[in-house]
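Enquirer: The following file, structure.txt, comprises compact mmCIF, C-alpha atoms and all ligand atoms:
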# COMPACT_ATOMS: atom_id res chain seq x y z
CA MET V 657 118.29 31.17 39.73
CA ASP V 658 115.55 32.65 41.90
CA LEU V 659 112.58 30.32 41.48
CA GLN V 660 110.22 33.15 42.43
CA ASN V 661 111.21 34.73 39.13
CA ILE V 662 109.65 31.81 37.34
CA PHE V 663 106.28 32.55 38.93
CA ARG V 664 106.65 36.24 38.12
CA ASN V 665 107.53 35.32 34.53
CA ASN V 666 104.46 33.11 34.43
CA GLN V 667 102.19 35.95 35.55
CA GLN V 668 103.75 38.23 32.95
CA TRP V 669 103.25 35.56 30.26
CA ILE V 670 99.56 35.16 31.20
CA ARG V 671 99.07 38.94 31.01
CA GLU V 672 100.69 39.11 27.57
CA LYS V 673 98.69 36.19 26.19
CA VAL V 674 95.35 37.46 27.52
CA HIS V 675 96.12 40.99 26.36
CA THR V 676 96.54 39.76 22.75
CA ASP V 677 93.65 37.30 22.92
CA PRO V 678 91.29 37.28 25.93
CA ALA V 679 90.10 33.75 25.04
CA TYR V 680 93.64 32.36 24.64
CA PHE V 681 93.64 29.91 27.56
CA LYS V 682 90.00 28.92 27.06
CA GLU V 683 90.82 27.94 23.48
CA LEU V 684 94.09 26.29 24.49
CA SER V 685 92.29 24.04 26.95
CA ALA V 686 89.49 23.17 24.52
CA ARG V 687 91.48 20.85 22.26
CA HIS V 688 94.79 19.03 21.79
CA GLN V 689 95.49 18.51 18.09
CA PRO V 690 99.22 18.83 17.42
CA GLU V 691 100.30 17.69 13.96
CA ILE V 692 103.88 16.98 14.98
CA LEU V 693 105.56 14.63 17.43
CA TYR V 694 109.03 15.88 18.32
CA ILE V 695 111.47 13.50 20.00
CA GLY V 696 114.55 15.37 21.18
CA CYS V 697 117.31 15.48 23.76
CA ALA V 698 116.63 16.66 27.31
CA ASP V 699 119.65 18.97 27.05
CA SER V 700 118.62 22.35 28.52
CA ARG V 701 120.25 24.20 25.62
CA VAL V 702 117.99 22.56 23.05
CA SER V 703 114.65 24.18 23.76
CA ALA V 704 112.25 22.47 21.37
CA GLU V 705 109.49 25.08 21.06
CA GLU V 706 111.72 28.16 21.17
CA MET V 707 114.17 26.81 18.60
CA MET V 708 111.34 25.86 16.22
CA GLY V 709 109.31 29.01 16.84
CA VAL V 710 106.12 27.06 17.56
CA ARG V 711 103.31 27.90 19.94
CA PRO V 712 101.71 25.82 22.70
CA GLY V 713 99.40 23.24 21.14
CA GLU V 714 101.39 22.79 17.94
CA VAL V 715 103.96 20.14 18.85
CA PHE V 716 103.72 17.04 21.03
CA VAL V 717 107.12 16.86 22.72
CA HIS V 718 109.07 13.94 24.13
CA ARG V 719 112.58 14.50 25.45
CA ASN V 720 115.09 12.19 27.07
CA ILE V 721 118.85 11.80 27.29
CA ALA V 722 120.27 11.71 23.73
CA ASN V 723 116.86 11.56 21.97
CA MET V 724 116.65 7.79 22.18
CA VAL V 725 113.84 5.48 21.07
CA PRO V 726 114.81 2.13 22.64
CA ASN V 727 112.36 -0.59 21.69
CA THR V 728 111.79 -1.64 25.30
CA ASP V 729 111.36 1.89 26.68
CA LEU V 730 107.76 2.10 27.84
CA SER V 731 107.84 5.89 27.90
CA SER V 732 108.87 6.58 24.31
CA MET V 733 106.80 3.64 23.03
CA SER V 734 103.71 5.05 24.79
CA VAL V 735 104.38 8.51 23.41
CA ILE V 736 104.63 7.16 19.85
CA HIS V 737 101.49 5.05 20.27
CA PHE V 738 99.50 7.96 21.69
CA ALA V 739 100.76 10.39 19.06
CA VAL V 740 100.03 8.13 16.10
CA GLU V 741 96.88 6.29 17.20
CA HIS V 742 95.12 9.01 19.17
CA LEU V 743 96.51 12.40 18.18
CA ARG V 744 96.96 11.23 14.57
CA VAL V 745 100.08 13.34 14.07
CA LYS V 746 101.24 13.83 10.48
CA HIS V 747 104.94 14.11 11.25
CA ILE V 748 107.39 12.48 13.64
CA ILE V 749 110.68 14.31 14.06
CA VAL V 750 113.69 12.83 15.82
CA CYS V 751 116.00 15.74 16.55
CA GLY V 752 119.52 15.25 17.86
CA HIS V 753 122.06 17.96 18.51
CA TYR V 754 125.78 18.42 18.05
CA TYR V 755 127.84 18.56 21.27
CA CYS V 756 125.43 16.08 22.90
CA ASN V 757 127.00 14.98 26.17
CA GLY V 758 124.83 11.86 26.18
CA VAL V 759 126.37 10.74 22.88
CA LYS V 760 129.87 11.63 24.03
CA SER V 761 129.48 9.90 27.42
CA ALA V 762 128.25 6.76 25.69
CA MET V 763 131.61 6.36 23.98
CA GLN V 764 133.77 6.74 27.08
CA SER V 765 135.21 3.82 29.04
CA ALA V 766 133.47 4.65 32.29
CA ASP V 767 130.87 2.94 34.45
CA LEU V 768 127.90 5.33 34.40
CA GLY V 769 125.53 3.26 36.53
CA ILE V 770 121.92 3.25 35.32
CA LEU V 771 123.04 5.26 32.29
CA ASN V 772 124.99 2.22 31.01
CA PRO V 773 122.02 0.35 29.53
CA TRP V 774 120.46 3.59 28.25
CA LEU V 775 123.58 4.81 26.49
CA ARG V 776 124.65 1.36 25.31
CA ASN V 777 122.20 1.86 22.46
CA ILE V 778 124.56 4.55 21.17
CA ARG V 779 127.47 2.11 21.25
CA ASP V 780 125.30 -0.13 19.08
CA VAL V 781 124.87 2.74 16.63
CA TYR V 782 128.65 3.12 16.57
CA ARG V 783 129.09 -0.61 15.97
CA ILE V 784 126.67 -0.58 13.01
CA HIS V 785 128.49 2.37 11.44
CA LYS V 786 131.99 1.59 12.72
CA THR V 787 133.72 1.66 9.31
CA GLU V 788 132.37 5.08 8.39
CA LEU V 789 132.97 6.58 11.84
CA ASN V 790 136.49 5.21 12.23
CA SER V 791 137.42 6.71 8.87
CA ILE V 792 136.80 10.22 10.25
CA ALA V 793 140.11 11.36 11.70
CA ASP V 794 138.93 14.52 13.45
CA GLU V 795 137.38 13.62 16.81
CA GLU V 796 134.86 16.47 16.83
CA GLU V 797 133.70 15.63 13.31
CA ARG V 798 133.42 11.96 14.28
CA TYR V 799 131.14 12.81 17.22
CA LYS V 800 129.05 15.08 15.04
CA ARG V 801 128.57 12.25 12.56
CA LEU V 802 127.70 9.88 15.41
CA VAL V 803 125.01 12.35 16.49
CA GLU V 804 123.59 12.25 12.94
CA LEU V 805 123.76 8.46 12.70
CA ASN V 806 122.14 8.15 16.11
CA VAL V 807 119.23 10.25 14.82
CA GLN V 808 118.98 7.95 11.81
CA GLU V 809 119.01 4.79 13.95
CA GLN V 810 116.43 6.20 16.36
CA CYS V 811 114.22 7.01 13.36
CA ILE V 812 114.60 3.38 12.33
CA ASN V 813 113.50 2.38 15.85
CA VAL V 814 110.41 4.54 15.34
CA MET V 815 109.77 2.67 12.08
CA LYS V 816 109.88 -0.67 13.87
CA THR V 817 106.62 0.04 15.69
CA PRO V 818 103.39 -1.32 14.14
CA GLU V 819 101.55 1.99 14.58
CA VAL V 820 104.13 3.83 12.52
CA GLN V 821 104.41 1.09 9.88
CA LYS V 822 100.65 1.19 9.35
CA ALA V 823 100.53 4.97 9.02
CA PHE V 824 103.72 5.01 6.94
CA ASN V 825 102.22 2.55 4.44
CA THR V 826 99.13 4.69 3.94
CA LYS V 827 101.29 7.82 3.55
CA THR V 828 99.50 9.53 6.42
CA LEU V 829 102.66 9.89 8.47
CA PHE V 830 106.07 11.25 7.57
CA LEU V 831 109.36 10.81 9.41
CA HIS V 832 112.13 13.37 9.67
CA GLY V 833 115.65 13.21 11.09
CA TRP V 834 116.98 16.60 12.18
CA VAL V 835 120.00 17.93 14.04
CA PHE V 836 120.25 21.17 16.00
CA ASP V 837 123.67 22.82 15.90
CA ILE V 838 124.15 24.53 19.27
CA GLN V 839 127.15 26.46 17.96
CA SER V 840 125.17 28.29 15.26
CA GLY V 841 121.56 27.81 16.40
CA LYS V 842 120.81 26.22 13.05
CA LEU V 843 118.28 23.43 12.61
CA ILE V 844 119.46 20.96 9.96
CA ASP V 845 117.29 18.48 8.05
CA LEU V 846 119.41 15.35 7.49
CA LYS V 847 117.16 14.51 4.52
CA ILE V 848 117.14 10.80 5.35
CA ASP V 849 115.53 8.67 2.64
CA PHE V 850 113.04 6.75 4.77
CA ASP V 851 111.34 5.04 1.83
CA LYS V 852 114.68 3.49 0.91
CA ILE V 853 115.43 2.51 4.51
CA MET V 854 111.96 1.00 4.90
CA GLU V 855 112.49 -0.95 1.68
CA ASN V 856 115.72 -2.38 3.08
CA ILE V 857 114.47 -3.32 6.52
CA ARG V 858 110.89 -4.31 5.72
CA GLU V 859 111.69 -8.02 5.37
CA ILE V 860 113.16 -8.05 8.88
CA TYR V 861 110.95 -5.67 10.88
CA ARG V 862 107.65 -5.91 9.06
CA ILE V 863 104.71 -6.21 11.43
CA GLU V 864 101.94 -4.60 9.39
CO CO V 901 122.02 15.77 24.16
As structure tokens, please, write out the structure in this file.
Ligand code: CO

Expert:
Amino acid sequence: MDLQNIFRNNQQWIREKVHTDPAYFKELSARHQPEILYIGCADSRVSAEEMMGVRPGEVFVHRNIANMVPNTDLSSMSVIHFAVEHLRVKHIIVCGHYYCNGVKSAMQSADLGILNPWLRNIRDVYRIHKTELNSIADEEERYKRLVELNVQEQCINVMKTPEVQKAFNTKTLFLHGWVFDIQSGKLIDLKIDFDKIMENIREIYRIE
């Protein structure tokens, strides 16, 4: 890819935006009030804004390998804190995707260096849901289910934070677990029952 193209694209984009609305960038720089925090995979095929059809300013985005929310990860913890306490977002979405190489790599018997501790969290997801996953004979289907269960477990990690628990209790924040299917382009709501999950884990993780 010719990187000069990127700068040409940028100039073209500015022209288009200003043509439609001369004050576009002035207004864009005036405030930052997204209502949604999106936590997704860094995979280049899963373009958060384009796939959701949202404009700049609408979604606060955090992406890393395999859309993880490890409890000791300063980056994702800071993003959640900032989004909930300062931006006061109304929704947090954890979005995984089928054919996630991060999820697949996590399950292979290979030393992946610094990726080992990062991806080990996915092995933990597998361990928690081992019975269900091992009952799926088809390997592709098993990985797809692991992607879904990883989304669910990362949502639970989001729920472990005091900021989220506080906002969740006052019904000012809603959680969503989604999956993007690269093969069809479809965004799927896993319709996870977070009230039920919270009910089950409250006695263990309750902070607020
Ligand atoms: Co991925």

Enquirer: If we count only C-alpha atoms and set the cut-off at 12 Å, which residues sit around Asp699 (chain V), ignoring sequence neighbours fewer than 2 positions away in its own chain? Please answer as number ranges by chain.

Expert: V: 696-697, 701-704, 719-723, 751-759, 836, 838

Enquirer: Counting all atoms listed in the file, which of V:Ile778, V:Val814, V:Val835, V:Val803 gets nearest to Tyr861 (chain V)?

Expert: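 Comparing V:Ile778, V:Val814, V:Val835, V:Val803 against Tyr861 (chain V), the winner is V:Val814.
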
Enquirer: Quick one: pull the distance between CA of Ala823 (chain V) and CA of Lys746 (chain V), Å, one decimal.

Expert: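 Going from CA of Ala823 (chain V) over to CA of Lys746 (chain V) covers 9.0 Å.
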
Enquirer: Choose the residue, out of V:Lys847, V:Arg776, V:Lys760, V:Arg862, that has the smallest atom-to-atom separation from Met724 (chain V); count only C-alpha atoms.

Expert: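 Smallest distance to Met724 (chain V) is found for V:Arg776.
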
Enquirer: Find the residue from V:Asn806, V:Ser734, V:Thr676, V:Asn666 that sits nearest to ligand CO 901 (chain V); use all atoms listed in the file when measuring.

Expert: V:Asn806

Enquirer: Can you list, as a list in words, every protein, DNA or RNA residue that comes within 8 Å of region 851-854 of chain V when you count all atoms listed in the file, leaving out same-chain residues fewer than 4 positions away?

Expert: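 Counting only the stated atoms, we get Ile812, Met815 and Arg858 of chain V.
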
Enquirer: With all atoms listed in the file as the basis for distance, which of V:Val750, V:Met763, V:Ala698, V:Val717 is at the shortest distance from ligand CO 901 (chain V)?

Expert: V:Ala698

Enquirer: Which one is closest to Val715 (chain V): V:Ser732, V:Ile748, V:His737, V:Ser840? Count all atoms listed in the file.

Expert: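 So, comparing all the options, the nearest one is V:Ile748.
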
Enquirer: One decimal, Å: what's the distance from CA of Asn727 (chain V) over to CA of Arg779 (chain V), could you say?

Expert: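 Between CA of Asn727 (chain V) and CA of Arg779 (chain V) the gap is 15.4 Å.
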
Enquirer: Quick one: residues within 8 Å of Pro690 (chain V), all atoms listed in the file counted, chain neighbours fewer than 6 positions away excluded, as a list in words?

Expert: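 Using all atoms listed in the file, the neighbours found are Gly713, Glu714, Val715, Phe716, Leu743 and Val745 of chain V.
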
Enquirer: How far is it from CA of Ile857 (chain V) to CA of Leu831 (chain V), in Å with one decimal?

Expert: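 Atom-to-atom, CA of Ile857 (chain V) to CA of Leu831 (chain V), that is 15.3 Å.
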
Enquirer: Leaving out Thr826 (chain V) and any residue of its chain fewer than 5 positions from it, which residues lie within 12 Å of it when counting all atoms listed in the file, given as a PyMOL selection string?

Expert: chain V and resi 746+819-821+864

Enquirer: For region 739-742 of chain V, take all atoms listed in the file, fit an axis-aligned box around them, add 6 Å to each of the six sides, then output centre and edge lengths in Å rounded to one decimal, as lines of an AutoDock Vina configuration file.

Expert:
center_x = 97.9
center_y = 8.3
center_z = 17.6
size_x = 17.6
size_y = 16.1
size_z = 15.1

Enquirer: Could you check the closest approach to His718 (chain V) for each of V:Glu804, V:Asp658, V:Glu705, V:Glu672 and tell me which residue wins, using only C-alpha atoms?

Expert: V:Glu705

Enquirer: I'd like the neighbourhood of Val725 (chain V) as a ChimeraX atom specification, where a residue qualifies if any of its atoms comes within 9 Å (using only C-alpha atoms), though same-chain residues fewer than 4 positions away should be ignored.

Expert: /V:695,729,732-733,809-811,813-814
